[in-house]
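Student: Below you'll find target-v4.cif; it's mmCIF, C-alpha atoms.
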data_run
#
loop_
_atom_site.label_atom_id
_atom_site.label_comp_id
_atom_site.auth_asym_id
_atom_site.auth_seq_id
_atom_site.Cartn_x
_atom_site.Cartn_y
_atom_site.Cartn_z
CA MET S 1 104.68 46.73 66.43
CA LYS S 2 103.42 44.14 63.94
CA LYS S 3 101.49 45.46 60.97
CA THR S 4 98.15 44.00 59.93
CA VAL S 5 96.81 43.28 56.45
CA LEU S 6 93.26 42.31 55.49
CA ILE S 7 92.91 40.26 52.29
CA THR S 8 89.61 39.44 50.60
CA GLY S 9 89.22 36.27 48.56
CA ALA S 10 92.00 34.61 50.55
CA ALA S 11 90.73 31.03 50.35
CA SER S 12 92.73 30.17 47.25
CA GLY S 13 94.92 31.43 44.44
CA ILE S 14 96.75 34.74 44.73
CA GLY S 15 94.82 35.68 47.86
CA LYS S 16 95.90 32.56 49.74
CA GLN S 17 99.52 32.80 48.61
CA THR S 18 99.61 36.47 49.60
CA ALA S 19 98.23 35.65 53.05
CA LEU S 20 100.91 33.00 53.58
CA PHE S 21 103.67 35.30 52.30
CA PHE S 22 102.72 38.22 54.57
CA ALA S 23 102.47 35.86 57.54
CA GLU S 24 105.94 34.54 56.76
CA LYS S 25 107.21 38.12 56.72
CA GLY S 26 105.91 38.74 60.23
CA TRP S 27 102.63 40.50 59.48
CA THR S 28 99.34 39.72 61.17
CA VAL S 29 97.00 38.55 58.43
CA ILE S 30 93.22 38.87 58.35
CA ALA S 31 92.12 36.42 55.67
CA THR S 32 88.52 36.70 54.54
CA MET S 33 86.49 34.28 52.44
CA LEU S 34 82.93 33.14 51.79
CA SER S 35 83.17 30.17 54.17
CA LEU S 36 85.66 29.12 56.83
CA ALA S 37 85.41 25.63 55.38
CA GLU S 38 87.66 26.99 52.62
CA ALA S 39 90.36 28.15 55.03
CA GLU S 40 92.26 24.84 55.14
CA GLU S 41 95.95 25.40 55.99
CA LEU S 42 95.47 29.09 56.77
CA LEU S 43 93.82 28.12 60.04
CA ASN S 44 97.02 26.32 61.10
CA ASP S 45 99.08 29.52 61.09
CA PRO S 46 98.83 31.40 64.40
CA THR S 47 99.43 34.76 62.68
CA ILE S 48 96.55 34.29 60.20
CA PHE S 49 93.02 35.01 61.40
CA CYS S 50 90.19 33.84 59.16
CA TYR S 51 86.77 35.46 58.88
CA GLU S 52 83.74 34.87 56.70
CA LEU S 53 83.02 37.83 54.45
CA ASP S 54 80.91 38.06 51.30
CA VAL S 55 82.06 41.14 49.37
CA THR S 56 78.70 41.35 47.57
CA SER S 57 76.78 41.76 50.84
CA THR S 58 76.78 45.00 52.81
CA GLU S 59 75.42 43.09 55.81
CA SER S 60 78.17 40.44 55.62
CA ILE S 61 80.87 43.12 55.36
CA ALA S 62 79.46 44.98 58.36
CA LEU S 63 79.29 41.81 60.48
CA ALA S 64 82.83 40.80 59.52
CA GLN S 65 84.08 44.32 60.22
CA GLN S 66 82.55 44.22 63.69
CA LYS S 67 84.27 40.92 64.50
CA ILE S 68 87.59 42.00 62.98
CA LEU S 69 87.76 45.30 64.84
CA LYS S 70 86.94 43.52 68.08
CA ASP S 71 89.99 41.28 67.59
CA HIS S 72 92.42 43.74 65.99
CA LYS S 73 93.15 47.27 67.10
CA LYS S 74 94.52 48.49 63.79
CA ILE S 75 94.46 47.54 60.11
CA ASP S 76 97.34 48.94 58.09
CA VAL S 77 96.53 47.58 54.64
CA ILE S 78 93.48 46.18 52.84
CA ILE S 79 94.06 44.12 49.69
CA ASN S 80 90.88 43.85 47.64
CA ASN S 81 91.66 40.59 45.87
CA ALA S 82 88.32 38.77 45.59
CA GLY S 83 87.34 38.27 41.96
CA VAL S 84 85.80 35.94 39.38
CA GLY S 85 86.02 35.54 35.62
CA TYR S 86 83.37 35.34 32.91
CA ARG S 87 84.33 34.60 29.32
CA SER S 88 81.35 35.16 27.05
CA PHE S 89 80.17 36.75 23.86
CA VAL S 90 77.79 39.62 24.54
CA GLU S 91 75.02 37.91 22.59
CA LEU S 92 75.27 34.77 24.73
CA SER S 93 75.71 36.47 28.11
CA GLU S 94 73.34 35.70 30.98
CA ASP S 95 71.90 38.16 33.49
CA GLU S 96 72.85 36.08 36.54
CA LYS S 97 76.48 35.74 35.47
CA ILE S 98 76.72 39.43 34.56
CA ASP S 99 75.32 40.35 37.97
CA ASP S 100 77.80 38.02 39.70
CA ILE S 101 80.91 39.44 38.07
CA VAL S 102 79.80 43.05 38.55
CA ASN S 103 78.84 42.47 42.18
CA ILE S 104 82.08 40.67 43.05
CA ASN S 105 84.74 42.33 40.90
CA TRP S 106 83.59 45.93 41.08
CA LEU S 107 80.88 46.53 43.68
CA GLY S 108 82.72 44.21 46.08
CA VAL S 109 85.72 46.55 46.01
CA VAL S 110 83.44 49.57 46.38
CA LYS S 111 81.61 48.13 49.38
CA VAL S 112 84.74 46.97 51.22
CA CYS S 113 86.42 50.35 50.71
CA ARG S 114 83.29 52.19 51.79
CA ALA S 115 83.08 50.12 54.98
CA PHE S 116 86.73 50.55 56.00
CA ILE S 117 87.38 54.19 55.03
CA PRO S 118 86.00 55.32 58.43
CA VAL S 119 88.40 52.90 60.13
CA PHE S 120 91.38 54.29 58.26
CA ARG S 121 90.13 57.83 58.84
CA ALA S 122 89.95 57.24 62.60
CA GLN S 123 93.46 55.76 62.53
CA LYS S 124 94.67 58.67 60.37
CA SER S 125 96.37 56.18 58.05
CA GLY S 126 95.75 53.20 55.83
CA LEU S 127 96.35 51.74 52.38
CA PHE S 128 93.94 50.17 49.90
CA ILE S 129 95.57 47.89 47.34
CA ASN S 130 92.96 47.07 44.73
CA ILE S 131 93.79 44.12 42.49
CA THR S 132 92.75 44.67 38.92
CA SER S 133 94.40 42.81 36.06
CA ILE S 134 96.05 43.15 32.72
CA ALA S 135 92.37 43.44 31.78
CA GLY S 136 92.38 46.82 33.46
CA LEU S 137 94.89 48.02 30.86
CA VAL S 138 93.62 46.67 27.56
CA ASN S 139 90.58 45.08 25.92
CA LEU S 140 90.71 41.56 24.53
CA PRO S 141 88.15 39.26 22.82
CA LEU S 142 85.48 37.69 25.06
CA GLY S 143 86.47 40.02 27.89
CA SER S 144 83.55 42.43 27.68
CA PHE S 145 82.45 41.75 31.25
CA TYR S 146 85.69 40.87 33.04
CA HIS S 147 87.64 43.72 31.46
CA SER S 148 84.93 46.30 32.08
CA THR S 149 84.76 45.41 35.78
CA LYS S 150 88.52 45.63 36.16
CA GLN S 151 88.67 48.96 34.33
CA ALA S 152 85.84 50.17 36.56
CA VAL S 153 88.01 49.35 39.58
CA GLU S 154 90.87 51.34 38.04
CA SER S 155 88.65 54.40 37.59
CA PHE S 156 87.02 54.01 40.99
CA SER S 157 90.39 53.71 42.73
CA GLU S 158 91.85 56.80 41.09
CA CYS S 159 88.79 58.89 41.91
CA MET S 160 88.75 57.66 45.51
CA ALA S 161 92.45 58.44 45.89
CA TYR S 162 91.74 62.14 45.31
CA GLU S 163 89.09 62.13 48.03
CA LEU S 164 91.31 60.42 50.60
CA TYR S 165 94.63 62.16 49.92
CA ASP S 166 94.30 64.76 52.69
CA LEU S 167 93.29 62.04 55.17
CA ASN S 168 96.58 60.13 54.77
CA ILE S 169 94.71 57.19 53.24
CA LYS S 170 96.59 55.83 50.27
CA VAL S 171 95.23 53.97 47.24
CA CYS S 172 96.87 51.98 44.48
CA THR S 173 95.98 49.33 41.91
CA VAL S 174 97.95 46.26 40.89
CA GLN S 175 97.80 44.68 37.43
CA PHE S 176 99.17 41.36 36.27
CA GLY S 177 98.57 38.62 33.73
CA ASN S 178 97.51 34.99 34.02
CA ALA S 179 99.12 33.33 37.02
CA PRO S 180 99.19 29.51 37.25
CA THR S 181 96.42 29.28 39.85
CA ALA S 182 92.97 27.70 39.78
CA PHE S 183 91.44 31.02 38.67
CA GLN S 184 91.35 30.22 34.95
CA LYS S 185 89.94 26.75 35.58
CA ASN S 186 87.08 28.35 37.48
CA VAL S 187 86.28 31.00 34.89
CA THR S 188 82.66 30.74 33.79
CA LYS S 189 82.30 30.40 30.03
CA CYS S 190 79.35 30.79 27.73
CA PRO S 191 77.94 27.58 26.19
CA SER S 192 78.74 26.41 22.68
CA THR S 193 76.51 27.72 19.94
CA THR S 194 75.53 27.17 16.34
CA VAL S 195 77.60 30.23 15.38
CA VAL S 196 80.76 28.56 14.08
CA SER S 197 82.99 31.62 14.41
CA TYR S 198 81.97 32.01 18.08
CA ASN S 199 82.96 28.44 18.94
CA ALA S 200 86.29 28.76 17.15
CA LEU S 201 87.16 32.05 18.85
CA LEU S 202 86.15 30.81 22.31
CA LYS S 203 88.41 27.78 21.95
CA LYS S 204 91.30 29.87 20.61
CA VAL S 205 91.11 32.45 23.39
CA SER S 206 90.67 29.81 26.12
CA ASP S 207 93.62 27.78 24.84
CA LEU S 208 95.78 30.91 24.61
CA VAL S 209 94.96 31.98 28.17
CA HIS S 210 95.65 28.53 29.64
CA ARG S 211 98.89 28.23 27.66
CA LYS S 212 100.14 31.60 28.93
CA ALA S 213 99.14 30.80 32.51
CA SER S 214 101.01 27.50 32.46
CA LYS S 215 104.17 29.29 31.31
CA ASN S 216 104.03 32.01 33.96
CA THR S 217 105.47 29.75 36.64
CA ASN S 218 107.33 32.57 38.38
CA LEU S 219 104.46 35.07 38.36
CA THR S 220 102.79 34.18 41.67
CA PRO S 221 105.93 34.80 43.80
CA LEU S 222 106.54 38.03 41.88
CA ILE S 223 103.02 39.19 42.74
CA THR S 224 103.21 38.31 46.44
CA GLN S 225 106.64 39.93 46.76
CA LYS S 226 105.46 43.12 45.03
CA LEU S 227 102.33 43.35 47.15
CA TYR S 228 104.52 43.05 50.24
CA GLU S 229 106.86 45.79 49.00
CA ILE S 230 103.91 48.11 48.28
CA ALA S 231 102.47 47.45 51.72
CA GLU S 232 105.79 48.10 53.44
CA HIS S 233 106.50 51.28 51.49
CA PRO S 234 103.19 52.79 50.31
CA ASN S 235 103.27 55.72 47.92
CA GLN S 236 101.42 58.79 49.10
CA LYS S 237 100.10 59.44 45.60
CA PHE S 238 97.90 57.11 43.55
CA ARG S 239 99.94 54.55 41.66
CA ARG S 240 99.31 51.74 39.19
CA TYR S 241 101.72 48.83 39.56
CA THR S 242 102.18 46.36 36.70
CA ILE S 243 103.71 42.97 37.51
CA GLY S 244 105.14 40.37 35.16
CA PHE S 245 106.50 40.22 31.63
CA ASP S 246 103.12 39.84 29.89
CA ALA S 247 101.45 42.77 31.62
CA ASN S 248 104.44 45.07 31.22
CA LEU S 249 104.84 44.16 27.55
CA ILE S 250 101.18 44.80 26.77
CA ARG S 251 101.25 48.06 28.69
CA LEU S 252 104.33 49.18 26.72
CA LEU S 253 102.89 48.11 23.37
CA ARG S 254 99.62 49.91 24.04
CA ARG S 255 101.46 53.11 24.93
CA VAL S 256 103.96 52.98 22.06
CA LEU S 257 101.72 51.71 19.28
CA GLY S 258 98.56 53.62 20.11
CA TYR S 259 95.06 52.22 19.86
CA ARG S 260 94.93 51.53 16.12
CA LEU S 261 98.18 49.61 15.74
CA PHE S 262 97.68 47.81 19.04
CA ASN S 263 94.26 46.71 17.81
CA VAL S 264 95.92 45.23 14.73
CA VAL S 265 98.31 43.22 16.94
CA ILE S 266 95.48 41.89 19.10
CA ARG S 267 93.41 40.89 16.08
CA ARG S 268 96.38 39.13 14.53
CA PHE S 269 97.07 36.98 17.59
CA THR S 270 93.50 36.22 18.58
CA LEU S 271 91.29 36.44 15.53
CA LYS S 272 93.44 34.92 12.78
#
Starting from the file, lay out its structure as structure tokens.

Tutor:
Amino acid sequence: MKKTVLITGAASGIGKQTALFFAEKGWTVIATMLSLAEAEELLNDPTIFCYELDVTSTESIALAQQKILKDHKKIDVIINNAGVGYRSFVELSEDEKIDDIVNINWLGVVKVCRAFIPVFRAQKSGLFINITSIAGLVNLPLGSFYHSTKQAVESFSECMAYELYDLNIKVCTVQFGNAPTAFQKNVTKCPSTTVVSYNALLKKVSDLVHRKASKNTNLTPLITQKLYEIAEHPNQKFRRYTIGFDANLIRLLRRVLGYRLFNVVIRRFTLK
């Protein structure tokens, strides 16, 4: 019997590539996005079913859930992938942009999980794969908002895993670095300012991120392959999976060096 995966934020980037990869592997794919106008080639695949779903809206999630469950008898895996970026100094941050990133990156995961836990509970099985980031491991300049939302997802996922363990509902998180997708191009940035050091640091961090993303040409297939492996062979206990050279290196350095020395390394590469 074919397995079914639901992926949020599947219109582009990692979400879209994951949808295509799972479909190629014989899975039934439920691809969700803000508008079906974004679905493009996904609609041409007979094993991919597209639905509109706004992860920030409880009403939208409930409506999508109703339609999805009418069309599909079982959902084996949910990949909470929808996310946005916001690169800003705290002083220059804006309420609307803070609300957006919190509502999408963190509360979106919370609301989707909350809506589908009863489905998994009725099935007596299910797996939540919550996409975080290298930002869920460490803290970097101008990441006050993005990093805090991703670390919130890490904490939320671990806590939820304890609650769901006896129900045979599994939870894991997946962390990786900057993949060469449109994500970084779409990251919202704070405006330039009269504070010279702010402008210089924003440019340095943005250039560094784009440079790393352009070099990670093999990261996207590594991510989609790993997500598939996790879905095929879920671990009963909560796990954090780190994908790619950058993420694994930073995770190792943080563990080996400790906070103080790691902080020195980060300051050297980003603030000097």

Student: Given the file above and the PyMOL selection byres ((chain S and resi 11) around 9), which residues are selected, and can you give them as a list in words?

Tutor: Thr8, Gly9, Ala10, Ser12, Gly13, Gly15, Lys16, Ala31, Thr32, Met33, Leu34, Ser35, Leu36, Glu38, Ala39, Glu40 and Leu42 of chain S

Student: Could you tell me which residues the PyMOL selection byres ((chain S and resi 168) around 8) returns for this structure, as a PDB file with C-alpha atoms, in the frame of the given file?

Tutor:
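Output file part_14.pdb follows:
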ATOM      1  CA  ARG S 121      90.130  57.830  58.840  1.00  0.00           C
ATOM      2  CA  LYS S 124      94.670  58.670  60.370  1.00  0.00           C
ATOM      3  CA  SER S 125      96.370  56.180  58.050  1.00  0.00           C
ATOM      4  CA  GLY S 126      95.750  53.200  55.830  1.00  0.00           C
ATOM      5  CA  LEU S 164      91.310  60.420  50.600  1.00  0.00           C
ATOM      6  CA  TYR S 165      94.630  62.160  49.920  1.00  0.00           C
ATOM      7  CA  ASP S 166      94.300  64.760  52.690  1.00  0.00           C
ATOM      8  CA  LEU S 167      93.290  62.040  55.170  1.00  0.00           C
ATOM      9  CA  ILE S 169      94.710  57.190  53.240  1.00  0.00           C
ATOM     10  CA  LYS S 170      96.590  55.830  50.270  1.00  0.00           C
ATOM     11  CA  GLN S 236     101.420  58.790  49.100  1.00  0.00           C
TER      12      GLN S 236
END

Student: So the first atom is atom CA of Asp76 of chain S and the second is atom CA of Thr4 of chain S; what is the distance between them in Å, to one decimal place?

Tutor: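 About the pair atom CA of Asp76 of chain S and atom CA of Thr4 of chain S: they are 5.3 Å apart.
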
Student: Return as a PyMOL selection string the set of residues that the PyMOL selection byres ((chain S and resi 171) around 12) yields on the displayed structure.

Tutor: chain S and resi 77-80+113+117+120+125-131+153-165+167-170+172-174+230-231+234-241

Student: Write the selection just made, keeping C-alpha atoms, as a CSV table (one decimal), in the frame of the given file?

Tutor:
chain,number,residue,atom,x,y,z
S,77,VAL,CA,96.5,47.6,54.6
S,78,ILE,CA,93.5,46.2,52.8
S,79,ILE,CA,94.1,44.1,49.7
S,80,ASN,CA,90.9,43.8,47.6
S,113,CYS,CA,86.4,50.4,50.7
S,117,ILE,CA,87.4,54.2,55.0
S,120,PHE,CA,91.4,54.3,58.3
S,125,SER,CA,96.4,56.2,58.0
S,126,GLY,CA,95.8,53.2,55.8
S,127,LEU,CA,96.4,51.7,52.4
S,128,PHE,CA,93.9,50.2,49.9
S,129,ILE,CA,95.6,47.9,47.3
S,130,ASN,CA,93.0,47.1,44.7
S,131,ILE,CA,93.8,44.1,42.5
S,153,VAL,CA,88.0,49.4,39.6
S,154,GLU,CA,90.9,51.3,38.0
S,155,SER,CA,88.6,54.4,37.6
S,156,PHE,CA,87.0,54.0,41.0
S,157,SER,CA,90.4,53.7,42.7
S,158,GLU,CA,91.8,56.8,41.1
S,159,CYS,CA,88.8,58.9,41.9
S,160,MET,CA,88.8,57.7,45.5
S,161,ALA,CA,92.4,58.4,45.9
S,162,TYR,CA,91.7,62.1,45.3
S,163,GLU,CA,89.1,62.1,48.0
S,164,LEU,CA,91.3,60.4,50.6
S,165,TYR,CA,94.6,62.2,49.9
S,167,LEU,CA,93.3,62.0,55.2
S,168,ASN,CA,96.6,60.1,54.8
S,169,ILE,CA,94.7,57.2,53.2
S,170,LYS,CA,96.6,55.8,50.3
S,172,CYS,CA,96.9,52.0,44.5
S,173,THR,CA,96.0,49.3,41.9
S,174,VAL,CA,98.0,46.3,40.9
S,230,ILE,CA,103.9,48.1,48.3
S,231,ALA,CA,102.5,47.4,51.7
S,234,PRO,CA,103.2,52.8,50.3
S,235,ASN,CA,103.3,55.7,47.9
S,236,GLN,CA,101.4,58.8,49.1
S,237,LYS,CA,100.1,59.4,45.6
S,238,PHE,CA,97.9,57.1,43.6
S,239,ARG,CA,99.9,54.6,41.7
S,240,ARG,CA,99.3,51.7,39.2
S,241,TYR,CA,101.7,48.8,39.6

Student: So, with all atoms listed in the file as the atoms that count, which of S:Ile68, S:Phe22, S:Lys3, S:Ile61 lies closest to Asp45 of chain S?

Tutor: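 Selected residue with least distance to Asp45 of chain S: S:Phe22.
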
Student: To one decimal place, how far is atom CA of Phe116 of chain S from atom CA of Gln65 of chain S in Å?

Tutor: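 We find that atom CA of Phe116 of chain S and atom CA of Gln65 of chain S lie 8.0 Å from each other.
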
Student: Let me have the centre and edge lengths in Å, one decimal, of the box along x, y and z around every listed atom of segment 26-35 of chain S with 5 Å of margin on each side, as lines of an AutoDock Vina configuration file.

Tutor:
center_x = 94.4
center_y = 35.3
center_z = 56.5
size_x = 33.0
size_y = 20.3
size_z = 19.4
